[in-house]
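Colleague: Provided herewith: target_39.txt, compact mmCIF, C-alpha atoms and all ligand atoms.
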```txt
# COMPACT_ATOMS: atom_id res chain seq x y z
CA MET A 1 50.38 -68.91 8.76
CA ALA A 2 53.17 -66.40 8.50
CA LYS A 3 53.51 -63.93 11.34
CA MET A 4 53.88 -60.22 10.72
CA CYS A 5 55.88 -57.58 12.54
CA ASP A 6 53.47 -55.31 14.40
CA VAL A 7 55.75 -52.34 13.82
CA CYS A 8 56.77 -52.50 10.15
CA GLY A 9 54.29 -55.08 8.87
CA ASN A 10 56.92 -57.29 7.31
CA GLU A 11 56.68 -61.03 7.49
CA ILE A 12 58.63 -62.65 10.33
CA PRO A 13 60.40 -65.91 9.38
CA LYS A 14 59.68 -68.97 11.48
CA ARG A 15 61.27 -68.96 14.94
CA LYS A 16 62.50 -65.40 14.42
CA GLY A 17 61.40 -62.08 15.86
CA TYR A 18 60.64 -60.99 19.40
CA GLU A 19 57.50 -61.68 21.33
CA LEU A 20 56.22 -58.63 23.19
CA LYS A 21 53.58 -58.55 25.89
CA ASP A 22 51.00 -57.71 23.28
CA GLY A 23 52.58 -58.25 19.90
CA LEU A 24 55.47 -59.31 17.71
CA VAL A 25 58.48 -57.40 16.42
CA CYS A 26 60.82 -58.44 13.65
CA GLU A 27 64.59 -58.60 14.15
CA ASN A 28 65.10 -55.49 12.04
CA CYS A 29 62.76 -53.40 14.15
CA GLY A 30 64.23 -54.92 17.31
CA LEU A 31 67.68 -53.84 16.25
CA LYS A 32 66.45 -50.25 15.90
CA PHE A 33 65.98 -49.93 19.67
CA GLY A 34 68.80 -52.16 20.81
CA LEU A 35 67.65 -55.78 20.73
CA THR A 36 70.61 -57.73 19.41
CA GLY A 37 69.24 -61.24 19.25
CA ASN A 38 70.90 -62.50 22.40
CA TYR A 39 69.06 -64.34 25.15
CA ARG A 40 68.44 -61.16 27.13
CA SER A 41 66.93 -59.41 24.13
CA TYR A 42 64.15 -62.00 24.13
CA LEU A 43 63.61 -61.61 27.88
CA VAL A 44 63.44 -57.84 27.59
CA ALA A 45 61.02 -58.05 24.66
CA ASN A 46 58.69 -60.03 26.94
CA LEU A 47 58.60 -57.08 29.32
CA LEU A 48 57.70 -54.55 26.63
CA THR A 49 54.42 -53.52 25.10
CA LEU A 50 53.94 -52.59 21.47
CA ALA A 51 53.30 -48.99 22.54
CA GLN A 52 56.63 -48.85 24.37
CA VAL A 53 58.46 -50.34 21.42
CA THR A 54 56.84 -47.87 19.02
CA ASP A 55 57.92 -45.03 21.31
CA PHE A 56 61.49 -46.32 21.42
CA ILE A 57 61.66 -46.48 17.64
CA THR A 58 60.03 -43.12 16.90
CA GLN A 59 62.14 -41.37 19.54
CA LYS A 60 65.24 -43.21 18.45
CA THR A 61 65.78 -44.58 21.94
CA VAL A 62 68.27 -47.42 22.07
CA ILE A 63 68.26 -49.63 25.11
CA THR A 64 70.87 -52.03 26.41
CA PRO A 65 69.07 -55.33 27.01
CA LYS A 66 71.29 -56.27 29.95
CA GLU A 67 70.76 -52.93 31.71
CA TYR A 68 67.08 -52.81 30.86
CA TRP A 69 66.55 -56.30 32.21
CA LYS A 70 68.34 -55.45 35.45
CA ASN A 71 66.18 -52.36 36.01
CA HIS A 72 62.82 -53.63 34.87
CA LYS A 73 62.62 -57.37 35.50
CA ASN A 74 60.55 -56.77 38.64
CA ASP A 75 58.20 -54.18 37.15
CA ASP A 76 55.31 -56.60 36.84
CA LYS A 77 55.77 -57.82 40.37
CA LEU A 78 55.92 -54.23 41.63
CA ILE A 79 52.75 -53.32 39.77
CA GLN A 80 51.07 -56.41 41.19
CA LYS A 81 52.23 -55.46 44.67
CA GLU A 82 50.89 -51.93 44.27
CA ASN A 83 47.59 -53.25 43.00
CA ASP A 84 47.37 -55.68 45.90
CA ALA A 85 48.10 -52.88 48.36
CA GLU A 86 45.42 -50.70 46.78
CA GLU A 87 42.92 -53.54 46.89
CA LYS A 88 43.77 -54.23 50.50
CA ALA A 89 43.40 -50.55 51.39
CA GLU A 90 39.99 -50.43 49.73
CA TYR A 91 38.92 -53.59 51.53
CA ASP A 92 40.09 -52.17 54.87
CA LYS A 93 38.15 -48.97 54.25
CA ILE A 94 34.93 -50.76 53.30
CA LYS A 95 35.20 -53.13 56.25
CA ALA A 96 35.91 -50.32 58.72
CA ASP A 97 32.87 -48.44 57.42
CA PHE A 98 30.60 -51.47 57.81
CA LYS A 99 32.03 -52.22 61.26
CA GLU A 100 31.24 -48.71 62.39
CA ASN A 101 27.84 -48.29 60.76
CA LYS A 102 26.44 -51.80 60.83
CA THR A 103 22.85 -52.38 61.81
CA ALA A 104 23.48 -56.06 62.36
CA LYS A 105 26.21 -58.64 61.93
CA PHE A 106 25.81 -62.38 61.58
CA GLY A 107 28.94 -64.44 61.14
CA LYS A 108 30.99 -62.65 58.53
CA ILE A 109 28.03 -60.78 57.03
CA TYR A 110 27.44 -57.14 57.93
CA PHE A 111 24.21 -55.24 57.30
CA ASN A 112 23.79 -51.51 57.02
CA SER A 113 20.10 -50.66 56.87
CA LYS A 114 20.78 -46.97 56.30
CA THR A 115 22.71 -47.44 53.07
CA ARG A 116 20.87 -50.75 52.43
CA LYS A 117 24.16 -52.54 51.81
CA ILE A 118 25.44 -55.97 52.73
CA PHE A 119 29.13 -56.70 53.24
CA ILE A 120 30.37 -60.26 53.15
CA ASP A 121 33.82 -60.41 54.65
CA GLN A 122 36.58 -62.53 53.24
CA SER A 123 37.62 -65.71 54.95
CA LEU A 124 41.07 -65.93 56.51
CA VAL A 125 42.11 -68.59 54.04
CA ASN A 126 41.42 -66.26 51.16
CA LEU A 127 43.31 -63.45 52.86
CA LEU A 128 46.55 -65.26 52.08
CA TYR A 129 45.88 -65.30 48.38
CA LYS A 130 43.60 -62.51 47.40
CA THR A 131 41.18 -60.04 48.84
CA VAL A 132 37.81 -61.72 48.53
CA TYR A 133 34.76 -59.89 49.72
CA HIS A 134 31.38 -58.91 48.41
CA VAL A 135 29.23 -55.84 48.77
CA TYR A 136 25.59 -56.11 47.80
CA ASP A 137 22.60 -53.83 47.79
CA TYR A 138 19.67 -55.03 49.87
CA ASN A 139 17.70 -55.47 46.67
CA GLU A 140 20.33 -57.86 45.34
CA PHE A 141 19.42 -60.25 48.15
CA ALA A 142 17.44 -63.04 46.51
CA GLY A 143 16.59 -65.39 49.35
CA TYR A 144 17.81 -67.65 52.12
CA GLN A 145 17.68 -71.22 53.27
CA THR A 146 18.26 -72.61 56.73
CA THR A 147 19.89 -75.98 57.35
CA GLU A 148 19.43 -78.03 60.51
CA THR A 149 20.99 -81.47 60.46
CA PRO A 150 19.69 -83.79 63.22
CA THR A 151 22.07 -86.22 64.82
CA THR A 152 22.33 -88.32 67.96
CA ILE A 153 24.68 -87.99 70.89
CA THR A 154 25.44 -91.08 72.95
CA LYS A 155 25.22 -90.49 76.67
CA LYS A 156 28.85 -90.68 77.75
CA HIS A 157 28.21 -91.37 81.44
CA GLY A 158 26.16 -94.38 80.51
CA VAL A 159 28.98 -95.80 78.45
CA SER A 160 31.57 -95.57 81.19
CA ARG A 161 29.12 -97.01 83.70
CA SER A 162 28.57 -99.98 81.44
CA ILE A 163 32.30 -100.71 81.43
CA VAL A 164 32.46 -100.50 85.21
CA GLY A 165 29.33 -102.56 85.46
CA GLY A 166 30.71 -105.05 83.01
CA LEU A 167 33.87 -105.51 85.05
CA VAL A 168 31.94 -106.09 88.21
CA ALA A 169 28.83 -107.89 87.11
CA GLY A 170 29.84 -109.59 83.88
CA THR A 171 27.19 -109.83 81.21
CA ALA A 172 24.48 -108.33 83.40
CA GLY A 173 26.43 -105.06 83.56
CA ALA A 174 26.78 -104.96 79.80
CA VAL A 175 23.02 -105.27 79.46
CA ILE A 176 22.46 -102.40 81.88
CA GLY A 177 25.01 -100.43 79.88
CA ALA A 178 23.11 -101.05 76.66
CA ALA A 179 19.91 -99.76 78.25
CA THR A 180 21.36 -96.62 79.80
CA GLY A 181 24.39 -95.82 77.62
CA GLY A 182 22.69 -96.62 74.34
CA LYS A 183 20.09 -93.98 74.94
CA SER A 184 20.32 -91.15 72.44
CA TYR A 185 19.48 -87.47 72.71
CA ASP A 186 17.99 -85.05 70.27
CA ALA A 187 20.89 -83.12 68.83
CA VAL A 188 22.00 -81.32 65.70
CA SER A 189 25.35 -81.54 63.94
CA LYS A 190 24.79 -78.41 61.92
CA LEU A 191 22.74 -75.26 62.07
CA SER A 192 23.32 -72.75 59.32
CA ILE A 193 21.75 -70.27 56.98
CA THR A 194 22.65 -69.73 53.34
CA LEU A 195 22.00 -66.43 51.61
CA THR A 196 21.60 -66.25 47.85
CA PHE A 197 22.12 -63.11 45.82
CA THR A 198 20.81 -62.14 42.43
CA ASP A 199 24.18 -62.95 40.81
CA ASN A 200 23.80 -66.50 42.21
CA HIS A 201 26.57 -65.98 44.74
CA THR A 202 25.79 -67.79 47.97
CA SER A 203 27.16 -67.20 51.44
CA GLU A 204 26.68 -69.47 54.41
CA VAL A 205 26.69 -68.46 58.05
CA VAL A 206 27.26 -71.45 60.30
CA PHE A 207 25.93 -71.27 63.87
CA ILE A 208 26.62 -74.87 64.87
CA ASN A 209 29.05 -77.21 63.17
CA GLN A 210 29.48 -80.02 65.68
CA PRO A 211 27.03 -82.31 67.44
CA THR A 212 25.17 -80.15 69.93
CA LYS A 213 22.27 -81.13 72.15
CA THR A 214 19.03 -79.34 71.45
CA ASP A 215 18.51 -78.73 75.18
CA SER A 216 21.89 -77.05 75.54
CA LEU A 217 22.46 -73.33 76.00
CA ILE A 218 24.66 -73.26 72.91
CA TYR A 219 21.83 -74.62 70.80
CA LYS A 220 19.28 -72.27 72.30
CA SER A 221 21.42 -69.18 71.73
CA ALA A 222 22.24 -70.31 68.20
CA GLN A 223 18.53 -70.76 67.54
CA ARG A 224 17.84 -67.29 68.88
CA GLU A 225 20.52 -65.78 66.64
CA LEU A 226 19.21 -67.71 63.66
CA LYS A 227 15.70 -66.44 64.36
CA ASP A 228 16.94 -62.83 64.56
CA PHE A 229 18.79 -63.35 61.32
CA CYS A 230 15.72 -64.77 59.56
CA TYR A 231 13.59 -61.94 60.89
CA MET A 232 16.02 -59.40 59.47
CA LEU A 233 16.18 -61.21 56.11
CA GLU A 234 12.38 -61.42 55.96
CA ASN A 235 12.23 -57.67 56.47
CA ILE A 236 14.70 -57.08 53.66
CA GLN A 237 12.72 -59.37 51.40
CA ASN A 238 9.47 -57.62 52.27
CA ASP A 239 11.06 -54.25 51.54
CA ASN A 240 12.36 -55.54 48.23
CA GLN A 241 8.87 -56.68 47.33
CA LYS A 242 7.49 -53.29 48.32
CA ASP A 243 10.05 -51.73 45.99
CA THR A 244 8.62 -53.71 43.10
CA THR A 245 5.11 -52.63 44.03
CA VAL A 246 6.26 -49.03 44.04
CA THR A 247 7.39 -49.41 40.44
CA GLY A 248 3.81 -50.52 39.78
CA SER A 249 2.62 -47.11 40.94
CA SER A 250 4.85 -45.52 38.31
CA ASN A 251 1.85 -46.33 36.10
CA THR A 252 0.46 -43.04 37.37
CA ASN A 253 3.52 -41.22 36.07
CA ASP A 254 3.22 -43.03 32.75
CA LEU A 255 -0.39 -41.89 32.47
CA ARG A 256 0.54 -38.30 33.29
CA GLU A 257 3.20 -38.35 30.60
CA LEU A 258 0.72 -39.87 28.21
CA LYS A 259 -1.84 -37.16 29.00
CA GLN A 260 0.82 -34.55 28.33
CA LEU A 261 1.48 -36.14 24.94
CA LEU A 262 -2.23 -35.95 24.24
CA ASP A 263 -2.40 -32.31 25.35
CA ASP A 264 0.61 -31.47 23.20
CA GLY A 265 -1.20 -33.01 20.26
CA ILE A 266 1.42 -35.70 19.79
CA LEU A 267 -1.06 -38.49 20.51
CA THR A 268 -4.58 -38.71 19.14
CA GLU A 269 -7.54 -39.33 21.47
CA GLU A 270 -7.75 -42.93 20.22
CA GLU A 271 -4.06 -43.59 20.71
CA PHE A 272 -4.24 -42.12 24.19
CA THR A 273 -7.23 -44.28 25.17
CA ALA A 274 -5.63 -47.43 23.78
CA LYS A 275 -2.37 -46.78 25.57
CA LYS A 276 -4.17 -45.91 28.80
CA LYS A 277 -6.08 -49.18 28.74
CA GLN A 278 -2.83 -51.01 28.13
CA ILE A 279 -1.10 -49.36 31.10
CA LEU A 280 -4.00 -49.95 33.47
CA GLY A 281 -4.49 -53.46 32.12
CA ILE A 282 -8.22 -52.95 31.45
ZN ZN B 301 59.54 -54.91 11.81
```
Write the structure described by the file as structure tokens, please.
Modeller:
Amino acid sequence: MAKMCDVCGNEIPKRKGYELKDGLVCENCGLKFGLTGNYRSYLVANLLTLAQVTDFITQKTVITPKEYWKNHKNDDKLIQKENDAEEKAEYDKIKADFKENKTAKFGKIYFNSKTRKIFIDQSLVNLLYKTVYHVYDYNEFAGYQTTETPTTITKKHGVSRSIVGGLVAGTAGAVIGAATGGKSYDAVSKLSITLTFTDNHTSEVVFINQPTKTDSLIYKSAQRELKDFCYMLENIQNDNQKDTTVTGSSNTNDLRELKQLLDDGILTEEEFTAKKKQILGI
């Protein structure tokens, strides 16, 4: 299919014309604002938008591709840099606000019960590439799931004793070692909670991520934190459910409006009764 010049509408022969950011320009139109068909003309065209080119032509501006390239080749990068800086500034502001006004914080998730907002901070890995964070309303919280992965921890003292025993008492020591060192303890390798939001985004807060004995202080404090977290999430969920019940009571408002329509003579008595029954579900 033949390509057309976006400025003059003429057909552009194969492998001719200049490709703009958002369009095509024929060689004739290119010539009007200084593109001469050399290598740099094509590079410069890539930097330009159709709007810019149209301006050049209507205002009879003639550019020098070499000069233009020198001055504008980094424009896109500069714009990107500015955008990144703006994004970063916005992120910093949001984070500072949540840090100051948080009701609770678990892992990288901040809660503000006053504004009913949740802030999920970016991970450090993402920081290198792009600002990645999420802000949700409490009522965008859809649910949570806890994960506790059981594992076993071999008693280390027992193992070393079995070696000593083995050296001294031969096979008998190894048997003792099997009995004492082989004993396992109740432990977990992972304790975490995963939050799901209404847009299906999930966020996991990990409390334990290496084998930890269930009778250890670390485990007990992690359990306590997990419980607090669940309690908080349950409260949010309950509130969200209350919110939906409140919309149920807007039935009353609907009925009032309906009565008004009846009083204004817009609805007949029959229509009003039918609609009323429908709203009240009777
Ligand atoms: Zn043209």
Colleague: Go through A:Asn235, A:Gly281, A:Lys242, A:Glu148 and flag the residue nearest Tyr219 (chain A), using all atoms listed in the file for the distances.
Modeller: A:Glu148
Colleague: Can you tell me which residues come within 12 Å of ligand ZN 301 (chain B) when counting all atoms listed in the file, ideally as a PDB file with C-alpha atoms, in the frame of the given file?
Modeller:
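Output below, filename selection_23.pdb:
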```pdb
ATOM      1  CA  LYS A   3      53.510 -63.930  11.340  1.00  0.00           C
ATOM      2  CA  MET A   4      53.880 -60.220  10.720  1.00  0.00           C
ATOM      3  CA  CYS A   5      55.880 -57.580  12.540  1.00  0.00           C
ATOM      4  CA  ASP A   6      53.470 -55.310  14.400  1.00  0.00           C
ATOM      5  CA  VAL A   7      55.750 -52.340  13.820  1.00  0.00           C
ATOM      6  CA  CYS A   8      56.770 -52.500  10.150  1.00  0.00           C
ATOM      7  CA  GLY A   9      54.290 -55.080   8.870  1.00  0.00           C
ATOM      8  CA  ASN A  10      56.920 -57.290   7.310  1.00  0.00           C
ATOM      9  CA  GLU A  11      56.680 -61.030   7.490  1.00  0.00           C
ATOM     10  CA  ILE A  12      58.630 -62.650  10.330  1.00  0.00           C
ATOM     11  CA  PRO A  13      60.400 -65.910   9.380  1.00  0.00           C
ATOM     12  CA  LYS A  16      62.500 -65.400  14.420  1.00  0.00           C
ATOM     13  CA  GLY A  17      61.400 -62.080  15.860  1.00  0.00           C
ATOM     14  CA  TYR A  18      60.640 -60.990  19.400  1.00  0.00           C
ATOM     15  CA  GLU A  19      57.500 -61.680  21.330  1.00  0.00           C
ATOM     16  CA  GLY A  23      52.580 -58.250  19.900  1.00  0.00           C
ATOM     17  CA  LEU A  24      55.470 -59.310  17.710  1.00  0.00           C
ATOM     18  CA  VAL A  25      58.480 -57.400  16.420  1.00  0.00           C
ATOM     19  CA  CYS A  26      60.820 -58.440  13.650  1.00  0.00           C
ATOM     20  CA  GLU A  27      64.590 -58.600  14.150  1.00  0.00           C
ATOM     21  CA  ASN A  28      65.100 -55.490  12.040  1.00  0.00           C
ATOM     22  CA  CYS A  29      62.760 -53.400  14.150  1.00  0.00           C
ATOM     23  CA  GLY A  30      64.230 -54.920  17.310  1.00  0.00           C
ATOM     24  CA  LEU A  31      67.680 -53.840  16.250  1.00  0.00           C
ATOM     25  CA  LYS A  32      66.450 -50.250  15.900  1.00  0.00           C
ATOM     26  CA  PHE A  33      65.980 -49.930  19.670  1.00  0.00           C
ATOM     27  CA  LEU A  50      53.940 -52.590  21.470  1.00  0.00           C
ATOM     28  CA  VAL A  53      58.460 -50.340  21.420  1.00  0.00           C
ATOM     29  CA  THR A  54      56.840 -47.870  19.020  1.00  0.00           C
ATOM     30  CA  ILE A  57      61.660 -46.480  17.640  1.00  0.00           C
TER      31      ILE A  57
END
```
Colleague: What separation in Å, quoted to one decimal, exists between CA of Phe229 (chain A) and CA of Thr152 (chain A)?
Modeller: 26.1 Å
Colleague: How far is it from CA of Tyr68 (chain A) to CA of Asp22 (chain A), in Å with one decimal?
Modeller: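 Computed distance, CA of Tyr68 (chain A) to CA of Asp22 (chain A), equals 18.4 Å.
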Colleague: Please provide the set of residues having any atom within 9 Å of region 230-233 of chain A, restricted to all atoms listed in the file, with same-chain residues fewer than 3 positions apart removed, written as a compact mmCIF listing (two decimals) with C-alpha atoms, in the frame of the given file.
Modeller:
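File out39.txt, as written:
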```txt
# COMPACT_ATOMS: atom_id res chain seq x y z
CA ALA A 104 23.48 -56.06 62.36
CA PHE A 141 19.42 -60.25 48.15
CA GLY A 143 16.59 -65.39 49.35
CA TYR A 144 17.81 -67.65 52.12
CA THR A 146 18.26 -72.61 56.73
CA ILE A 193 21.75 -70.27 56.98
CA GLU A 225 20.52 -65.78 66.64
CA LEU A 226 19.21 -67.71 63.66
CA LYS A 227 15.70 -66.44 64.36
CA ILE A 236 14.70 -57.08 53.66
CA GLN A 237 12.72 -59.37 51.40
CA ASN A 238 9.47 -57.62 52.27
```
Colleague: When you draw a straight line from CA of Ala187 (chain A) to CA of Arg224 (chain A), how long is it in Å?
Modeller: 16.1 Å
Colleague: Could you check which of A:Asp263, A:Asp239, A:Asp75, A:Asp199 is closest to Glu140 (chain A), using only C-alpha atoms?
Modeller: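 So, comparing all the options, the nearest one is A:Asp199.
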Colleague: A:Leu47, A:Ile153, A:Ile63, A:Ile120: which is nearest Asp137 (chain A), counting all atoms listed in the file?
Modeller: A:Ile120
Colleague: Pick the closest to Glu234 (chain A) from A:Val188, A:Leu20, A:Val44, A:Ala142: which is it, counting only C-alpha atoms?
Modeller: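 Looking only at the distances to Glu234 (chain A), the closest residue turns out to be A:Ala142.
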Colleague: A:Ala2, A:Asp55, A:Gly107, A:Thr115: which is nearest Ser192 (chain A), counting only C-alpha atoms?
Modeller: A:Gly107
Colleague: For region 91-101 of chain A, find every residue with an atom within 10 Å (counting all atoms listed in the file), except residues of its own chain fewer than 6 positions away, and show them as a short mmCIF file (atom, residue, chain, number, x, y, z; two decimals) with C-alpha atoms, in the frame of the given file.
Modeller:
```
data_model
loop_
_atom_site.label_atom_id
_atom_site.label_comp_id
_atom_site.auth_asym_id
_atom_site.auth_seq_id
_atom_site.Cartn_x
_atom_site.Cartn_y
_atom_site.Cartn_z
CA ALA A 85 48.10 -52.88 48.36
CA ILE A 109 28.03 -60.78 57.03
CA TYR A 110 27.44 -57.14 57.93
CA PHE A 111 24.21 -55.24 57.30
CA ASN A 112 23.79 -51.51 57.02
CA SER A 113 20.10 -50.66 56.87
CA LYS A 114 20.78 -46.97 56.30
CA THR A 115 22.71 -47.44 53.07
CA LYS A 117 24.16 -52.54 51.81
CA ILE A 118 25.44 -55.97 52.73
CA PHE A 119 29.13 -56.70 53.24
CA ILE A 120 30.37 -60.26 53.15
CA ASP A 121 33.82 -60.41 54.65
CA GLN A 122 36.58 -62.53 53.24
CA THR A 131 41.18 -60.04 48.84
CA VAL A 132 37.81 -61.72 48.53
CA TYR A 133 34.76 -59.89 49.72
CA HIS A 134 31.38 -58.91 48.41
CA VAL A 135 29.23 -55.84 48.77
#
```
Colleague: Between A:Gln278, A:Glu269, A:Lys102, A:Tyr138, which is the closest to Arg116 (chain A) once you count only C-alpha atoms?
Modeller: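 Using only C-alpha atoms, the shortest distance to Arg116 (chain A) belongs to A:Tyr138.
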Colleague: Save region 239-280 of chain A from what I just supplied, as a PDB file, in the first residue's frame, atoms limited to C-alpha atoms.
Modeller:
```pdb
ATOM      1  CA  ASP A 239     -15.990  -1.807  57.719  1.00  0.00           C
ATOM      2  CA  ASN A 240     -16.125  -2.453  53.993  1.00  0.00           C
ATOM      3  CA  GLN A 241     -19.054  -4.786  54.536  1.00  0.00           C
ATOM      4  CA  LYS A 242     -20.771  -2.170  56.673  1.00  0.00           C
ATOM      5  CA  ASP A 243     -20.302   0.267  53.803  1.00  0.00           C
ATOM      6  CA  THR A 244     -22.238  -2.041  51.524  1.00  0.00           C
ATOM      7  CA  THR A 245     -24.996  -2.357  54.107  1.00  0.00           C
ATOM      8  CA  VAL A 246     -25.193   1.416  54.303  1.00  0.00           C
ATOM      9  CA  THR A 247     -25.891   1.550  50.577  1.00  0.00           C
ATOM     10  CA  GLY A 248     -28.779  -0.798  51.373  1.00  0.00           C
ATOM     11  CA  SER A 249     -30.272   1.905  53.586  1.00  0.00           C
ATOM     12  CA  SER A 250     -30.228   4.261  50.606  1.00  0.00           C
ATOM     13  CA  ASN A 251     -33.481   2.436  49.845  1.00  0.00           C
ATOM     14  CA  THR A 252     -35.042   4.950  52.216  1.00  0.00           C
ATOM     15  CA  ASN A 253     -33.753   7.797  50.076  1.00  0.00           C
ATOM     16  CA  ASP A 254     -35.028   6.075  46.953  1.00  0.00           C
ATOM     17  CA  LEU A 255     -38.470   5.803  48.535  1.00  0.00           C
ATOM     18  CA  ARG A 256     -38.449   9.467  49.537  1.00  0.00           C
ATOM     19  CA  GLU A 257     -37.565  10.455  45.993  1.00  0.00           C
ATOM     20  CA  LEU A 258     -40.273   8.170  44.708  1.00  0.00           C
ATOM     21  CA  LYS A 259     -42.830   9.725  47.064  1.00  0.00           C
ATOM     22  CA  GLN A 260     -41.812  13.143  45.811  1.00  0.00           C
ATOM     23  CA  LEU A 261     -42.409  11.979  42.237  1.00  0.00           C
ATOM     24  CA  LEU A 262     -45.840  10.794  43.310  1.00  0.00           C
ATOM     25  CA  ASP A 263     -46.588  14.089  45.073  1.00  0.00           C
ATOM     26  CA  ASP A 264     -45.434  16.024  42.017  1.00  0.00           C
ATOM     27  CA  GLY A 265     -47.847  13.981  39.946  1.00  0.00           C
ATOM     28  CA  ILE A 266     -45.090  12.465  37.849  1.00  0.00           C
ATOM     29  CA  LEU A 267     -45.882   8.942  39.034  1.00  0.00           C
ATOM     30  CA  THR A 268     -49.356   7.458  39.350  1.00  0.00           C
ATOM     31  CA  GLU A 269     -50.444   5.740  42.582  1.00  0.00           C
ATOM     32  CA  GLU A 270     -50.086   2.343  40.875  1.00  0.00           C
ATOM     33  CA  GLU A 271     -46.628   3.086  39.544  1.00  0.00           C
ATOM     34  CA  PHE A 272     -45.556   4.322  42.954  1.00  0.00           C
ATOM     35  CA  THR A 273     -46.828   1.186  44.714  1.00  0.00           C
ATOM     36  CA  ALA A 274     -45.210  -1.119  42.167  1.00  0.00           C
ATOM     37  CA  LYS A 275     -41.886   0.664  42.423  1.00  0.00           C
ATOM     38  CA  LYS A 276     -42.068   0.738  46.212  1.00  0.00           C
ATOM     39  CA  LYS A 277     -42.625  -3.006  46.371  1.00  0.00           C
ATOM     40  CA  GLN A 278     -39.686  -3.486  44.031  1.00  0.00           C
ATOM     41  CA  ILE A 279     -37.356  -1.375  46.192  1.00  0.00           C
ATOM     42  CA  LEU A 280     -38.389  -3.046  49.429  1.00  0.00           C
TER      43      LEU A 280
END
```
